[in-house]
>>> print(open('work-v6.cif').read())   # mmCIF, C-alpha atoms
data_model
loop_
_atom_site.group_PDB
_atom_site.id
_atom_site.type_symbol
_atom_site.label_atom_id
_atom_site.label_comp_id
_atom_site.auth_asym_id
_atom_site.auth_seq_id
_atom_site.Cartn_x
_atom_site.Cartn_y
_atom_site.Cartn_z
ATOM 1 C CA MET A 1 33.637 -35.645 55.000
ATOM 2 C CA GLN A 2 31.732 -32.876 56.755
ATOM 3 C CA THR A 3 28.114 -33.457 57.780
ATOM 4 C CA ILE A 4 25.762 -30.590 56.982
ATOM 5 C CA LYS A 5 22.483 -30.320 58.877
ATOM 6 C CA ILE A 6 20.033 -28.395 56.720
ATOM 7 C CA TRP A 7 16.826 -29.297 58.569
ATOM 8 C CA SER A 8 15.239 -31.690 61.060
ATOM 9 C CA PRO A 9 12.287 -33.528 59.528
ATOM 10 C CA HIS A 10 9.348 -34.635 61.632
ATOM 11 C CA LYS A 11 8.133 -38.250 61.451
ATOM 12 C CA ARG A 12 5.728 -37.791 58.523
ATOM 13 C CA GLN A 13 8.243 -35.755 56.500
ATOM 14 C CA LEU A 14 10.826 -38.469 57.075
ATOM 15 C CA GLU A 15 8.414 -41.051 55.628
ATOM 16 C CA VAL A 16 8.123 -38.975 52.453
ATOM 17 C CA VAL A 17 11.862 -38.379 52.150
ATOM 18 C CA ASN A 18 12.699 -42.056 52.731
ATOM 19 C CA ASP A 19 10.262 -43.231 50.040
ATOM 20 C CA GLN A 20 12.417 -44.155 47.038
ATOM 21 C CA SER A 21 9.738 -43.581 44.383
ATOM 22 C CA ARG A 22 10.819 -41.570 41.359
ATOM 23 C CA PHE A 23 7.510 -39.730 41.238
ATOM 24 C CA LYS A 24 5.792 -38.720 44.474
ATOM 25 C CA VAL A 25 2.392 -37.151 44.987
ATOM 26 C CA ILE A 26 2.394 -35.471 48.383
ATOM 27 C CA ARG A 27 -1.053 -34.305 49.418
ATOM 28 C CA CYS A 28 -1.201 -32.781 52.856
ATOM 29 C CA GLY A 29 -2.725 -29.880 54.691
ATOM 30 C CA ARG A 30 -1.394 -26.503 55.574
ATOM 31 C CA ARG A 31 1.482 -26.237 58.044
ATOM 32 C CA PHE A 32 2.765 -29.766 57.271
ATOM 33 C CA GLY A 33 6.070 -28.266 56.209
ATOM 34 C CA LYS A 34 5.896 -29.161 52.522
ATOM 35 C CA THR A 35 8.048 -26.254 51.388
ATOM 36 C CA ILE A 36 10.652 -26.782 54.097
ATOM 37 C CA MET A 37 10.788 -30.480 53.265
ATOM 38 C CA GLU A 38 11.096 -30.000 49.511
ATOM 39 C CA THR A 39 13.564 -27.107 49.506
ATOM 40 C CA SER A 40 15.731 -29.084 51.930
ATOM 41 C CA TYR A 41 15.465 -32.168 49.752
ATOM 42 C CA ILE A 42 16.507 -30.315 46.592
ATOM 43 C CA LEU A 43 19.442 -28.655 48.336
ATOM 44 C CA GLU A 44 20.641 -31.976 49.745
ATOM 45 C CA GLU A 45 20.303 -33.624 46.323
ATOM 46 C CA ALA A 46 22.233 -30.784 44.680
ATOM 47 C CA LEU A 47 25.022 -30.985 47.252
ATOM 48 C CA LEU A 48 25.385 -34.725 46.592
ATOM 49 C CA ASN A 49 25.133 -34.655 42.792
ATOM 50 C CA PRO A 50 27.687 -32.576 40.868
ATOM 51 C CA ASP A 51 26.631 -30.913 37.595
ATOM 52 C CA SER A 52 22.954 -31.544 38.292
ATOM 53 C CA LEU A 53 19.964 -29.260 37.700
ATOM 54 C CA TYR A 54 16.838 -28.903 39.830
ATOM 55 C CA PHE A 55 13.745 -26.734 39.470
ATOM 56 C CA TYR A 56 11.393 -25.692 42.225
ATOM 57 C CA ILE A 57 8.227 -24.567 40.446
ATOM 58 C CA ALA A 58 5.327 -22.704 42.046
ATOM 59 C CA PRO A 59 2.146 -21.632 40.231
ATOM 60 C CA THR A 60 3.536 -18.108 39.737
ATOM 61 C CA TYR A 61 6.998 -16.609 39.767
ATOM 62 C CA LYS A 62 5.893 -14.219 42.502
ATOM 63 C CA GLN A 63 4.766 -17.125 44.715
ATOM 64 C CA ALA A 64 7.998 -18.992 44.014
ATOM 65 C CA LYS A 65 10.062 -16.004 45.070
ATOM 66 C CA MET A 66 7.988 -15.299 48.165
ATOM 67 C CA ILE A 67 7.812 -18.863 49.422
ATOM 68 C CA ALA A 68 10.569 -21.124 48.090
ATOM 69 C CA TRP A 69 13.327 -18.569 47.499
ATOM 70 C CA GLU A 70 13.060 -17.305 51.063
ATOM 71 C CA MET A 71 13.303 -20.887 52.306
ATOM 72 C CA PHE A 72 16.387 -21.613 50.188
ATOM 73 C CA GLN A 73 18.019 -18.497 51.657
ATOM 74 C CA LYS A 74 17.405 -19.813 55.186
ATOM 75 C CA HIS A 75 18.818 -23.240 54.298
ATOM 76 C CA LEU A 76 21.965 -21.731 52.788
ATOM 77 C CA ARG A 77 22.851 -20.287 56.193
ATOM 78 C CA ASN A 78 23.559 -23.879 57.254
ATOM 79 C CA VAL A 79 25.796 -24.619 54.261
ATOM 80 C CA PRO A 80 29.494 -23.716 54.432
ATOM 81 C CA LYS A 81 30.195 -20.719 52.177
ATOM 82 C CA LYS A 82 32.897 -22.650 50.315
ATOM 83 C CA LEU A 83 30.182 -24.994 48.968
ATOM 84 C CA VAL A 84 28.172 -22.151 47.402
ATOM 85 C CA LEU A 85 29.580 -20.674 44.204
ATOM 86 C CA LYS A 86 26.867 -18.167 43.283
ATOM 87 C CA VAL A 87 23.472 -16.944 44.485
ATOM 88 C CA ASN A 88 21.592 -14.877 41.891
ATOM 89 C CA GLU A 89 18.868 -12.890 43.644
ATOM 90 C CA SER A 90 17.410 -11.381 40.477
ATOM 91 C CA GLU A 91 17.045 -14.636 38.513
ATOM 92 C CA LEU A 92 16.465 -16.844 41.588
ATOM 93 C CA TYR A 93 19.114 -19.495 41.178
ATOM 94 C CA ILE A 94 21.899 -21.023 43.234
ATOM 95 C CA VAL A 95 25.057 -22.608 41.857
ATOM 96 C CA LEU A 96 26.994 -24.805 44.241
ATOM 97 C CA ALA A 97 30.746 -25.386 44.172
ATOM 98 C CA ASN A 98 30.132 -28.800 42.579
ATOM 99 C CA HIS A 99 28.348 -26.952 39.709
ATOM 100 C CA ALA A 100 24.914 -28.248 40.679
ATOM 101 C CA LYS A 101 22.240 -25.626 40.072
ATOM 102 C CA ILE A 102 18.874 -24.963 41.724
ATOM 103 C CA SER A 103 16.425 -22.622 39.992
ATOM 104 C CA VAL A 104 13.193 -21.278 41.427
ATOM 105 C CA LYS A 105 10.558 -20.836 38.706
ATOM 106 C CA GLY A 106 6.934 -19.994 38.096
ATOM 107 C CA ALA A 107 4.571 -22.119 35.999
ATOM 108 C CA ASP A 108 2.975 -18.887 34.758
ATOM 109 C CA ASN A 109 5.851 -18.558 32.274
ATOM 110 C CA PRO A 110 6.063 -22.048 30.750
ATOM 111 C CA ASP A 111 8.607 -21.015 28.110
ATOM 112 C CA SER A 112 11.144 -20.297 30.870
ATOM 113 C CA LEU A 113 11.001 -23.999 31.778
ATOM 114 C CA ARG A 114 11.947 -25.359 28.331
ATOM 115 C CA GLY A 115 15.179 -26.595 26.858
ATOM 116 C CA VAL A 116 16.947 -28.213 29.810
ATOM 117 C CA GLY A 117 17.501 -31.671 31.222
ATOM 118 C CA LEU A 118 16.440 -31.952 34.846
ATOM 119 C CA ASN A 119 17.661 -34.203 37.639
ATOM 120 C CA GLY A 120 14.635 -33.333 39.751
ATOM 121 C CA VAL A 121 11.683 -31.009 40.079
ATOM 122 C CA VAL A 122 9.195 -29.992 42.731
ATOM 123 C CA MET A 123 5.795 -28.883 41.467
ATOM 124 C CA ASP A 124 4.471 -26.867 44.440
ATOM 125 C CA GLU A 125 0.696 -26.347 44.671
ATOM 126 C CA TYR A 126 0.326 -28.418 41.527
ATOM 127 C CA ALA A 127 -3.471 -28.047 41.607
ATOM 128 C CA ASP A 128 -3.013 -24.358 40.767
ATOM 129 C CA MET A 129 -0.937 -25.084 37.641
ATOM 130 C CA LYS A 130 -2.083 -26.002 34.173
ATOM 131 C CA PRO A 131 -1.584 -29.772 33.808
ATOM 132 C CA ASN A 132 0.138 -29.371 30.428
ATOM 133 C CA VAL A 133 3.127 -27.682 32.142
ATOM 134 C CA PHE A 134 4.210 -31.048 33.492
ATOM 135 C CA LYS A 135 3.036 -33.225 30.618
ATOM 136 C CA GLU A 136 4.446 -31.157 27.770
ATOM 137 C CA ILE A 137 7.465 -29.417 29.309
ATOM 138 C CA ILE A 138 8.734 -30.906 32.567
ATOM 139 C CA ARG A 139 8.171 -34.616 31.919
ATOM 140 C CA PRO A 140 10.307 -34.594 28.748
ATOM 141 C CA ALA A 141 13.000 -32.600 30.597
ATOM 142 C CA LEU A 142 13.287 -35.413 33.163
ATOM 143 C CA THR A 143 13.644 -38.193 30.614
ATOM 144 C CA ASP A 144 17.314 -38.136 29.618
ATOM 145 C CA LYS A 145 18.598 -37.869 33.188
ATOM 146 C CA LYS A 146 15.876 -40.140 34.618
ATOM 147 C CA GLY A 147 15.016 -37.286 36.956
ATOM 148 C CA TRP A 148 12.473 -37.359 39.759
ATOM 149 C CA ALA A 149 9.347 -35.271 40.318
ATOM 150 C CA HIS A 150 7.469 -34.385 43.487
ATOM 151 C CA PHE A 151 3.961 -32.996 43.208
ATOM 152 C CA ILE A 152 2.936 -31.256 46.411
ATOM 153 C CA GLY A 153 -0.147 -29.408 47.474
ATOM 154 C CA THR A 154 -3.229 -29.113 49.576
ATOM 155 C CA PRO A 155 -6.515 -30.691 48.480
ATOM 156 C CA LYS A 156 -8.633 -28.324 46.374
ATOM 157 C CA GLY A 157 -11.498 -30.383 45.009
ATOM 158 C CA PHE A 158 -11.563 -32.703 42.031
ATOM 159 C CA ASN A 159 -8.906 -31.559 39.569
ATOM 160 C CA HIS A 160 -5.730 -32.851 37.914
ATOM 161 C CA PHE A 161 -3.903 -32.959 41.275
ATOM 162 C CA TYR A 162 -6.727 -35.067 42.701
ATOM 163 C CA ASP A 163 -6.583 -37.356 39.641
ATOM 164 C CA LEU A 164 -2.819 -37.709 39.976
ATOM 165 C CA TYR A 165 -3.156 -38.560 43.669
ATOM 166 C CA GLN A 166 -5.847 -41.152 42.929
ATOM 167 C CA HIS A 167 -3.700 -42.711 40.229
ATOM 168 C CA ALA A 168 -0.684 -42.873 42.556
ATOM 169 C CA SER A 169 -2.593 -44.453 45.463
#
>>> encode(input="work-v6.cif", output="structure tokens")
Amino acid sequence: MQTIKIWSPHKRQLEVVNDQSRFKVIRCGRRFGKTIMETSYILEEALLNPDSLYFYIAPTYKQAKMIAWEMFQKHLRNVPKKLVLKVNESELYIVLANHAKISVKGADNPDSLRGVGLNGVVMDEYADMKPNVFKEIIRPALTDKKGWAHFIGTPKGFNHFYDLYQHAS
């Protein structure tokens, strides 16, 4: 079996990745490498789990495209072409040869997040999203597959991300 090196985590990122919790609240400052860590994690998960589905959700579709999609493109350079079936630039999704799919989404269009079962999701800059996006749409989508969720962001006062972090601590 071929080893694929997508990224090299630093010590703190490795602590997060090695934590086996189903739900993770990752609160850290700018330049920690949250997006690199999470896009790498999703890609690795997708490569290892055939027929799976993952969402990377940013507060807006524009942010998702600018930040996460660019990062996925960089990571794919380290993946053998035979393992990538399709990259759709206009709809921001990747289908791997094992039929796992990664979609980059924006929380500003909640209806685009409905109707699927998810193996995992990253909620990037969760403090900038409406809390009902997770509670009413994403959480139920994780249920049947017992999918995981990572909430990442930088501290921005006392809001639903702060409450979630306090609850998780």
>>> residues_around(input="work-v6.cif", residues="range 10-12 of chain A", least_positions_apart="2", cutoff="12 Å", atoms="all atoms listed in the file", output="mmCIF file with C-alpha atoms, keeping the file's coordinate frame")
data_model
loop_
_atom_site.group_PDB
_atom_site.id
_atom_site.type_symbol
_atom_site.label_atom_id
_atom_site.label_comp_id
_atom_site.auth_asym_id
_atom_site.auth_seq_id
_atom_site.Cartn_x
_atom_site.Cartn_y
_atom_site.Cartn_z
ATOM 1 C CA TRP A 7 16.826 -29.297 58.569
ATOM 2 C CA SER A 8 15.239 -31.690 61.060
ATOM 3 C CA LEU A 14 10.826 -38.469 57.075
ATOM 4 C CA GLU A 15 8.414 -41.051 55.628
ATOM 5 C CA VAL A 16 8.123 -38.975 52.453
ATOM 6 C CA VAL A 17 11.862 -38.379 52.150
ATOM 7 C CA ASN A 18 12.699 -42.056 52.731
ATOM 8 C CA ASP A 19 10.262 -43.231 50.040
ATOM 9 C CA ILE A 26 2.394 -35.471 48.383
ATOM 10 C CA ARG A 27 -1.053 -34.305 49.418
ATOM 11 C CA CYS A 28 -1.201 -32.781 52.856
ATOM 12 C CA PHE A 32 2.765 -29.766 57.271
ATOM 13 C CA GLY A 33 6.070 -28.266 56.209
ATOM 14 C CA LYS A 34 5.896 -29.161 52.522
ATOM 15 C CA ILE A 36 10.652 -26.782 54.097
ATOM 16 C CA MET A 37 10.788 -30.480 53.265
#
>>> resolve_selection(input="work-v6.cif", expression="the PyMOL selection byres ((chain A and resi 100) around 9)", output="PDB file with C-alpha atoms, in the frame of the given file")
ATOM      1  CA  ALA A  46      22.233 -30.784  44.680  1.00  0.00           C
ATOM      2  CA  LEU A  47      25.022 -30.985  47.252  1.00  0.00           C
ATOM      3  CA  LEU A  48      25.385 -34.725  46.592  1.00  0.00           C
ATOM      4  CA  ASN A  49      25.133 -34.655  42.792  1.00  0.00           C
ATOM      5  CA  PRO A  50      27.687 -32.576  40.868  1.00  0.00           C
ATOM      6  CA  ASP A  51      26.631 -30.913  37.595  1.00  0.00           C
ATOM      7  CA  SER A  52      22.954 -31.544  38.292  1.00  0.00           C
ATOM      8  CA  LEU A  53      19.964 -29.260  37.700  1.00  0.00           C
ATOM      9  CA  TYR A  54      16.838 -28.903  39.830  1.00  0.00           C
ATOM     10  CA  ILE A  94      21.899 -21.023  43.234  1.00  0.00           C
ATOM     11  CA  VAL A  95      25.057 -22.608  41.857  1.00  0.00           C
ATOM     12  CA  LEU A  96      26.994 -24.805  44.241  1.00  0.00           C
ATOM     13  CA  ALA A  97      30.746 -25.386  44.172  1.00  0.00           C
ATOM     14  CA  ASN A  98      30.132 -28.800  42.579  1.00  0.00           C
ATOM     15  CA  HIS A  99      28.348 -26.952  39.709  1.00  0.00           C
ATOM     16  CA  LYS A 101      22.240 -25.626  40.072  1.00  0.00           C
ATOM     17  CA  ILE A 102      18.874 -24.963  41.724  1.00  0.00           C
TER      18      ILE A 102
END
>>> resolve_selection(input="work-v6.cif", expression="the PyMOL selection byres ((chain A and resi 121) around 6)", output="list in words")
Tyr54, Phe55, Tyr56, Gly120, Val122 and Ala149 of chain A
>>> resolve_selection(input="work-v6.cif", expression="the PyMOL selection byres ((chain A and resi 6) around 8)", output="ChimeraX atom specification")
/A:4-5,7-8,40,44,75-76,78-79
>>> closest_residue(input="work-v6.cif", among="A:Ser90, A:Gln73, A:Thr35, A:Gln20", to="Thr154 in chain A", atoms="only C-alpha atoms")
A:Thr35
>>> atom_distance(input="work-v6.cif", atom1="CA of Gly153 in chain A", atom2="CA of Val87 in chain A")
26.9 Å
>>> atom_distance(input="work-v6.cif", atom1="CA of Glu89 in chain A", atom2="CA of Ala107 in chain A")
18.7 Å
>>> atom_distance(input="work-v6.cif", atom1="CA of Gln63 in chain A", atom2="CA of Gly106 in chain A")
7.5 Å
>>> closest_residue(input="work-v6.cif", among="A:Val104, A:Leu92, A:Met66, A:Ala58", to="Val133 in chain A", atoms="all atoms listed in the file")
A:Ala58
>>> closest_residue(input="work-v6.cif", among="A:Phe151, A:Leu43, A:Lys62, A:Gly117", to="Arg77 in chain A", atoms="all atoms listed in the file")
A:Leu43
>>> axis_aligned_box(input="work-v6.cif", around="range 92-104 of chain A", padding_each_side="3 Å", output="JSON")
{"center_x": 22.0, "center_y": -22.8, "center_z": 42.0, "size_x": 23.6, "size_y": 18.0, "size_z": 10.5}
>>> closest_residue(input="work-v6.cif", among="A:Lys145, A:Lys86, A:Arg30, A:Lys105", to="Tyr61 in chain A", atoms="only C-alpha atoms")
A:Lys105
